[in-house]
Amino acid sequence: MSQLRLNHLTGRWVTVATDRSTRPDDFSRERQAVETGPTRPCPFCPGNEEDVPSALESYGAGGEWAVRVVPNRFPAFAGTEQMTVRNLGPIFNQAPASGIHEVLIFSRDHLGGFADLDDEQVGGVMTAVRDRFEDHSRRPAVRYTQAIVNHGREGGASLVHPHGQLLGMPFVPGEIAEEEAGFRRFAGSCVLCTTAEAERDADARVVLDGDGVLVLCPYWSGAAYEMLVLPDEHGGHLARAEPKTLEAMGRAVRDVLVRLRDRLGDVSYNLVVHTLPYRHDDEFHWHIHVLPRIQSVGGFEQGTGVPINIVAPEQAAAQLRMG
Ligand SMILES: [Zn+2]
Ligand SMILES: [Zn+2]
Ligand SMILES: [Zn+2]
């Protein structure tokens, strides 16, 4: 059972998920080789469906799944208990890490990736995310769901087979609370609608524009080739977006990942969806961050939280824009 502990220096919660250390290959440098080896078949490949807990949702036509959502066998968050903080000493504050941890298997192709999906497949992935968010929103113990894709070793992928994760959490995480505060500081208009307008005018950092979605390398990019994928449709909750907006967002993410691969090769990256916490109705504009893991994070960034980006977003956008 995982546990939340409060870091009194930062005011942020830490998840201590000790059960996960039972994963035999967690600390192995040979992890990828082990998992694709013949002695251990991939649990996410077609034909091995029995190796993972049964699907919560399955999408696809003609009897073949295209997208499957299954419970994570080593959940970082589990249980239905609402967040109750126990104080076990002057600085020992803990709470159960309640919530949900699911795996979204988005391809049947073991060696594929998000960049290899066709339009129908990316549409299916976005529909699955929307459906799971709706499901999670009905659970009182879940206040926010973080949807992610980790690609490549530097991106933290623990299995080669393309998949994402949905982590339903019992508290609003610090990053989201900070972004919500950003929207509040920009009182009077939406900071991301304003960003879209200003970046279209400046025309220096736009990577892709059309189909109801804008992709740009943000002016404030903290990481090389970082991209922000932004729907034109203003709305705080991904789960309330129009189906055509969801599908267009999926296609845009796929298209810029193809360009990233064309320019830089098969680099590691993280996809991070940011949407309003459930039952929040603040000003917000849901979006997806594409975060290539090209530079390693060093002591300065760890110590200060101040990123040093060695590729100007103007330069990154110029490279990614070229057809
Ligand atoms: Zn596989
Ligand atoms: Zn907006
Ligand atoms: Zn964000």
# chains A, B, ... in the order shown; residues from 1 in each chain; ligands from 1

$ closest_atom_pairs --of "chain A" --to "ligand 3" --cutoff "7 Å" --atoms "only C-alpha atoms and all ligand atoms" --output "CSV"
residue,atom,partner,partner_atom_place_in_ligand_line,distance
A:Glu179,CA,ligand 3,1 (Zn),6.5
A:His274,CA,ligand 3,1 (Zn),4.9
A:His287,CA,ligand 3,1 (Zn),6.3
A:Ile288,CA,ligand 3,1 (Zn),6.7
A:His289,CA,ligand 3,1 (Zn),6.3

$ write_last_selection --atoms "N, CA, C and O atoms" --output "tab-separated table (two decimals), in the first residue's frame"
chain	number	residue	atom	x	y	z
A	179	GLU	N	-0.21	26.02	-11.99
A	179	GLU	CA	-0.80	26.50	-13.26
A	179	GLU	C	-2.14	27.19	-13.01
A	179	GLU	O	-2.45	28.20	-13.63
A	274	HIS	N	-2.55	18.32	-19.10
A	274	HIS	CA	-2.95	19.15	-17.96
A	274	HIS	C	-4.39	19.62	-18.14
A	274	HIS	O	-4.72	20.24	-19.16
A	287	HIS	N	-4.52	21.42	-21.95
A	287	HIS	CA	-3.45	21.41	-22.95
A	287	HIS	C	-2.57	20.17	-22.76
A	287	HIS	O	-2.69	19.47	-21.75
A	288	ILE	N	-1.68	19.95	-23.69
A	288	ILE	CA	-0.73	18.83	-23.59
A	288	ILE	C	0.69	19.37	-23.76
A	288	ILE	O	0.95	20.15	-24.68
A	289	HIS	N	1.59	18.98	-22.86
A	289	HIS	CA	3.00	19.32	-22.99
A	289	HIS	C	3.72	18.16	-23.66
A	289	HIS	O	3.56	17.00	-23.25

$ select_by_dssp --residues "range 51-241 of chain A" --states "strand (DSSP E or B)" --output "PyMOL selection string"
chain A and resi 57-59+67-71+79+86-87+93-96+99-105+144-151+163-169+206-210+213-216+227-231

$ residues_near_ligand --ligand "ligand 1" --cutoff "10 Å" --atoms "only C-alpha atoms and all ligand atoms" --output "PyMOL selection string"
chain A and resi 35-36+41-48+105+107-112+159-163

$ write_last_selection --atoms "N, CA, C and O atoms" --output "JSON list (two decimals), in the first residue's frame"
[["chain", "number", "residue", "atom", "x", "y", "z"],
["A", 35, "GLU", "N", 13.02, -7.42, -20.75],
["A", 35, "GLU", "CA", 11.58, -7.48, -20.99],
["A", 35, "GLU", "C", 11.20, -7.89, -22.40],
["A", 35, "GLU", "O", 10.11, -8.35, -22.63],
["A", 36, "THR", "N", 12.09, -7.68, -23.34],
["A", 36, "THR", "CA", 11.75, -8.09, -24.69],
["A", 36, "THR", "C", 12.32, -9.48, -25.00],
["A", 36, "THR", "O", 12.11, -10.01, -26.07],
["A", 41, "PRO", "N", 7.53, -12.95, -22.16],
["A", 41, "PRO", "CA", 6.76, -12.33, -23.23],
["A", 41, "PRO", "C", 6.13, -11.02, -22.77],
["A", 41, "PRO", "O", 5.82, -10.85, -21.59],
["A", 42, "CYS", "N", 5.97, -10.09, -23.72],
["A", 42, "CYS", "CA", 5.42, -8.77, -23.39],
["A", 42, "CYS", "C", 3.96, -8.90, -22.98],
["A", 42, "CYS", "O", 3.13, -9.40, -23.74],
["A", 43, "PRO", "N", 3.60, -8.45, -21.77],
["A", 43, "PRO", "CA", 2.22, -8.59, -21.32],
["A", 43, "PRO", "C", 1.22, -7.72, -22.08],
["A", 43, "PRO", "O", 0.01, -7.93, -21.98],
["A", 44, "PHE", "N", 1.74, -6.74, -22.85],
["A", 44, "PHE", "CA", 0.84, -5.84, -23.56],
["A", 44, "PHE", "C", 0.63, -6.24, -25.01],
["A", 44, "PHE", "O", -0.15, -5.62, -25.73],
["A", 45, "CYS", "N", 1.34, -7.26, -25.48],
["A", 45, "CYS", "CA", 1.19, -7.68, -26.87],
["A", 45, "CYS", "C", -0.09, -8.49, -27.07],
["A", 45, "CYS", "O", -0.53, -9.21, -26.16],
["A", 46, "PRO", "N", -0.69, -8.39, -28.27],
["A", 46, "PRO", "CA", -1.86, -9.22, -28.57],
["A", 46, "PRO", "C", -1.50, -10.69, -28.35],
["A", 46, "PRO", "O", -0.40, -11.12, -28.71],
["A", 47, "GLY", "N", -2.42, -11.43, -27.75],
["A", 47, "GLY", "CA", -2.17, -12.84, -27.47],
["A", 47, "GLY", "C", -1.76, -13.08, -26.03],
["A", 47, "GLY", "O", -1.89, -14.18, -25.52],
["A", 48, "ASN", "N", -1.25, -12.03, -25.36],
["A", 48, "ASN", "CA", -0.82, -12.18, -23.96],
["A", 48, "ASN", "C", -1.77, -11.46, -23.00],
["A", 48, "ASN", "O", -1.38, -11.11, -21.89],
["A", 105, "ILE", "N", -2.93, 0.88, -23.04],
["A", 105, "ILE", "CA", -2.13, 0.25, -24.10],
["A", 105, "ILE", "C", -2.69, 0.75, -25.42],
["A", 105, "ILE", "O", -3.83, 0.44, -25.77],
["A", 107, "SER", "N", -1.41, 0.63, -28.63],
["A", 107, "SER", "CA", -1.05, 0.06, -29.92],
["A", 107, "SER", "C", -0.89, -1.44, -29.77],
["A", 107, "SER", "O", -0.51, -1.93, -28.71],
["A", 108, "ARG", "N", -1.17, -2.18, -30.85],
["A", 108, "ARG", "CA", -0.91, -3.62, -30.85],
["A", 108, "ARG", "C", 0.53, -3.90, -31.25],
["A", 108, "ARG", "O", 1.01, -5.01, -31.10],
["A", 109, "ASP", "N", 1.19, -2.86, -31.78],
["A", 109, "ASP", "CA", 2.53, -3.01, -32.34],
["A", 109, "ASP", "C", 3.59, -2.79, -31.26],
["A", 109, "ASP", "O", 3.79, -1.67, -30.79],
["A", 110, "HIS", "N", 4.27, -3.84, -30.88],
["A", 110, "HIS", "CA", 5.22, -3.81, -29.77],
["A", 110, "HIS", "C", 6.28, -2.72, -29.92],
["A", 110, "HIS", "O", 6.68, -2.08, -28.95],
["A", 111, "LEU", "N", 6.75, -2.53, -31.14],
["A", 111, "LEU", "CA", 7.86, -1.58, -31.34],
["A", 111, "LEU", "C", 7.39, -0.24, -31.90],
["A", 111, "LEU", "O", 8.18, 0.59, -32.30],
["A", 112, "GLY", "N", 6.08, -0.05, -31.95],
["A", 112, "GLY", "CA", 5.56, 1.22, -32.45],
["A", 112, "GLY", "C", 5.65, 2.29, -31.37],
["A", 112, "GLY", "O", 6.26, 2.11, -30.33],
["A", 159, "LEU", "N", 8.42, -0.29, -19.74],
["A", 159, "LEU", "CA", 8.16, -1.38, -20.69],
["A", 159, "LEU", "C", 8.27, -0.79, -22.09],
["A", 159, "LEU", "O", 7.88, 0.36, -22.31],
["A", 160, "VAL", "N", 8.78, -1.57, -23.03],
["A", 160, "VAL", "CA", 8.97, -1.07, -24.39],
["A", 160, "VAL", "C", 7.63, -0.83, -25.08],
["A", 160, "VAL", "O", 7.44, 0.16, -25.78],
["A", 161, "HIS", "N", 6.70, -1.76, -24.90],
["A", 161, "HIS", "CA", 5.42, -1.70, -25.62],
["A", 161, "HIS", "C", 4.74, -0.35, -25.38],
["A", 161, "HIS", "O", 4.59, 0.09, -24.24],
["A", 162, "PRO", "N", 4.30, 0.32, -26.48],
["A", 162, "PRO", "CA", 3.75, 1.68, -26.31],
["A", 162, "PRO", "C", 2.52, 1.72, -25.41],
["A", 162, "PRO", "O", 1.55, 1.00, -25.64],
["A", 163, "HIS", "N", 2.60, 2.54, -24.40],
["A", 163, "HIS", "CA", 1.48, 2.65, -23.46],
["A", 163, "HIS", "C", 1.55, 3.99, -22.74],
["A", 163, "HIS", "O", 2.59, 4.63, -22.69]]

$ closest_atom_pairs --of "chain A" --to "ligand 2" --cutoff "6 Å" --atoms "only C-alpha atoms and all ligand atoms" --output "Markdown table"
| residue | atom | partner | partner_atom_place_in_ligand_line | distance |
| --- | --- | --- | --- | --- |
| A:Cys190 | CA | ligand 2 | 1 (Zn) | 4.6 |
| A:Leu192 | CA | ligand 2 | 1 (Zn) | 5.0 |
| A:Cys193 | CA | ligand 2 | 1 (Zn) | 3.9 |
| A:His234 | CA | ligand 2 | 1 (Zn) | 4.2 |
| A:His285 | CA | ligand 2 | 1 (Zn) | 4.7 |

$ residues_around --residues "Asn7 in chain A" --least-positions-apart "2" --cutoff "10 Å" --atoms "only C-alpha atoms" --output "list in words"
Leu4, Arg5, Leu9, Thr10, Gly11, Arg12, Trp13, Val14, Ile91, Phe92, Asn93 and Gln94 of chain A

$ residues_around --residues "Gln146 in chain A" --least-positions-apart "5" --cutoff "9 Å" --atoms "only C-alpha atoms" --output "PyMOL selection string"
chain A and resi 165-169+272-275

$ atom_distance --atom1 "CA of Ala252 in chain A" --atom2 "CA of Ala318 in chain A"
16.9 Å

$ closest_residue --among "A:Phe284, A:Trp220, A:Tyr225, A:Trp65" --to "Arg259 in chain A" --atoms "only C-alpha atoms"
A:Tyr225

$ residues_around --residues "Leu104 in chain A" --least-positions-apart "6" --cutoff "10 Å" --atoms "only C-alpha atoms" --output "VMD selection string"
chain A and resid 44 55 to 58 67 to 72 125 128 to 129 132 147 to 149 162 to 166

$ write_last_selection --atoms "N, CA and C atoms" --output "compact mmCIF listing (two decimals), in the first residue's frame"
# COMPACT_ATOMS: atom_id res chain seq x y z
N PHE A 44 1.74 -6.74 -22.85
CA PHE A 44 0.84 -5.84 -23.56
C PHE A 44 0.63 -6.24 -25.01
N ALA A 55 -9.32 -6.11 -18.86
CA ALA A 55 -9.46 -4.74 -19.34
C ALA A 55 -10.65 -4.03 -18.69
N LEU A 56 -10.45 -2.75 -18.37
CA LEU A 56 -11.52 -1.90 -17.88
C LEU A 56 -12.31 -1.34 -19.05
N GLU A 57 -11.58 -1.10 -20.15
CA GLU A 57 -12.19 -0.61 -21.38
C GLU A 57 -11.39 -1.20 -22.53
N SER A 58 -12.07 -1.44 -23.63
CA SER A 58 -11.39 -1.93 -24.81
C SER A 58 -12.05 -1.28 -26.01
N VAL A 67 -7.15 -0.15 -28.59
CA VAL A 67 -6.74 0.51 -27.35
C VAL A 67 -7.33 -0.28 -26.19
N ARG A 68 -6.52 -0.55 -25.19
CA ARG A 68 -7.00 -1.25 -24.00
C ARG A 68 -6.59 -0.49 -22.75
N VAL A 69 -7.49 -0.41 -21.78
CA VAL A 69 -7.16 0.19 -20.49
C VAL A 69 -7.22 -0.91 -19.45
N VAL A 70 -6.11 -1.14 -18.74
CA VAL A 70 -6.05 -2.20 -17.72
C VAL A 70 -5.52 -1.60 -16.42
N PRO A 71 -5.88 -2.19 -15.27
CA PRO A 71 -5.32 -1.70 -14.01
C PRO A 71 -3.82 -1.95 -13.97
N ASN A 72 -3.07 -1.02 -13.38
CA ASN A 72 -1.63 -1.22 -13.20
C ASN A 72 -1.43 -2.27 -12.11
N VAL A 125 -7.40 6.76 -28.83
CA VAL A 125 -6.65 7.03 -27.59
C VAL A 125 -7.28 8.20 -26.85
N ALA A 128 -10.51 7.23 -25.27
CA ALA A 128 -10.28 6.40 -24.08
C ALA A 128 -9.90 7.28 -22.89
N VAL A 129 -9.02 8.26 -23.11
CA VAL A 129 -8.62 9.16 -22.02
C VAL A 129 -9.84 9.92 -21.50
N ARG A 132 -12.05 7.59 -19.41
CA ARG A 132 -11.48 7.28 -18.09
C ARG A 132 -11.57 8.49 -17.16
N ALA A 147 -2.65 12.16 -16.82
CA ALA A 147 -2.43 11.27 -17.96
C ALA A 147 -1.05 11.55 -18.53
N ILE A 148 -0.28 10.49 -18.73
CA ILE A 148 1.07 10.65 -19.25
C ILE A 148 1.41 9.56 -20.25
N VAL A 149 2.37 9.85 -21.11
CA VAL A 149 3.05 8.82 -21.91
C VAL A 149 4.53 9.01 -21.69
N PRO A 162 4.30 0.32 -26.48
CA PRO A 162 3.75 1.68 -26.31
C PRO A 162 2.52 1.72 -25.41
N HIS A 163 2.60 2.54 -24.40
CA HIS A 163 1.48 2.65 -23.46
C HIS A 163 1.55 3.99 -22.74
N GLY A 164 0.42 4.38 -22.20
CA GLY A 164 0.36 5.56 -21.35
C GLY A 164 -0.13 5.14 -19.98
N GLN A 165 -0.20 6.10 -19.07
CA GLN A 165 -0.69 5.80 -17.73
C GLN A 165 -1.66 6.88 -17.29
N LEU A 166 -2.63 6.46 -16.49
CA LEU A 166 -3.61 7.37 -15.91
C LEU A 166 -3.54 7.20 -14.41

$ residues_around --residues "Ala248 in chain A" --least-positions-apart "6" --cutoff "7 Å" --atoms "only C-alpha atoms" --output "PyMOL selection string"
chain A and resi 211-213

$ write_last_selection --atoms "all heavy atoms" --output "PDB file, in the first residue's frame"
ATOM      1  N   ASP A 211      -6.821  23.065 -38.066  1.00  0.00           N
ATOM      2  CA  ASP A 211      -7.571  21.929 -37.582  1.00  0.00           C
ATOM      3  C   ASP A 211      -8.039  22.142 -36.138  1.00  0.00           C
ATOM      4  O   ASP A 211      -8.318  21.198 -35.418  1.00  0.00           O
ATOM      5  CB  ASP A 211      -6.647  20.691 -37.669  1.00  0.00           C
ATOM      6  CG  ASP A 211      -7.424  19.393 -37.783  1.00  0.00           C
ATOM      7  OD1 ASP A 211      -8.619  19.450 -38.110  1.00  0.00           O
ATOM      8  OD2 ASP A 211      -6.833  18.326 -37.532  1.00  0.00           O
ATOM      9  N   GLY A 212      -8.052  23.423 -35.698  1.00  0.00           N
ATOM     10  CA  GLY A 212      -8.520  23.710 -34.341  1.00  0.00           C
ATOM     11  C   GLY A 212      -7.477  23.520 -33.266  1.00  0.00           C
ATOM     12  O   GLY A 212      -7.795  23.530 -32.071  1.00  0.00           O
ATOM     13  N   VAL A 213      -6.207  23.343 -33.664  1.00  0.00           N
ATOM     14  CA  VAL A 213      -5.130  23.125 -32.683  1.00  0.00           C
ATOM     15  C   VAL A 213      -3.898  23.942 -33.072  1.00  0.00           C
ATOM     16  O   VAL A 213      -3.547  24.027 -34.251  1.00  0.00           O
ATOM     17  CB  VAL A 213      -4.744  21.623 -32.622  1.00  0.00           C
ATOM     18  CG1 VAL A 213      -3.564  21.398 -31.682  1.00  0.00           C
ATOM     19  CG2 VAL A 213      -5.945  20.779 -32.163  1.00  0.00           C
TER      20      VAL A 213
END

$ closest_residue --among "A:Asp118, A:Asp51, A:Glu178, A:Asp232" --to "Val258 in chain A" --atoms "only C-alpha atoms"
A:Asp118

$ closest_residue --among "A:Ala204, A:Val103, A:Ala187, A:Ile308" --to "Ser158 in chain A" --atoms "only C-alpha atoms"
A:Val103

$ residues_around --residues "Ala202 in chain A" --least-positions-apart "5" --cutoff "12 Å" --atoms "only C-alpha atoms" --output "list in words"
Thr195, Ala196, Glu197, Leu216, Pro218, Tyr219 and Glu314 of chain A

$ write_last_selection --atoms "C-alpha atoms" --output "PDB file, in the first residue's frame"
ATOM      1  CA  THR A 195      -0.637  33.043 -25.630  1.00  0.00           C
ATOM      2  CA  ALA A 196      -2.194  31.554 -28.773  1.00  0.00           C
ATOM      3  CA  GLU A 197      -3.097  34.990 -30.119  1.00  0.00           C
ATOM      4  CA  LEU A 216       4.178  26.030 -30.421  1.00  0.00           C
ATOM      5  CA  PRO A 218       6.544  28.321 -25.834  1.00  0.00           C
ATOM      6  CA  TYR A 219       8.375  31.619 -25.366  1.00  0.00           C
ATOM      7  CA  GLU A 314      12.609  30.110 -31.940  1.00  0.00           C
TER       8      GLU A 314
END

$ closest_residue --among "A:Ser98, A:Phe183, A:Leu214, A:Arg40" --to "Ala198 in chain A" --atoms "only C-alpha atoms"
A:Leu214

$ closest_residue --among "A:Thr245, A:Ser189, A:Asn309, A:Thr304" --to "Glu226 in chain A" --atoms "only C-alpha atoms"
A:Asn309
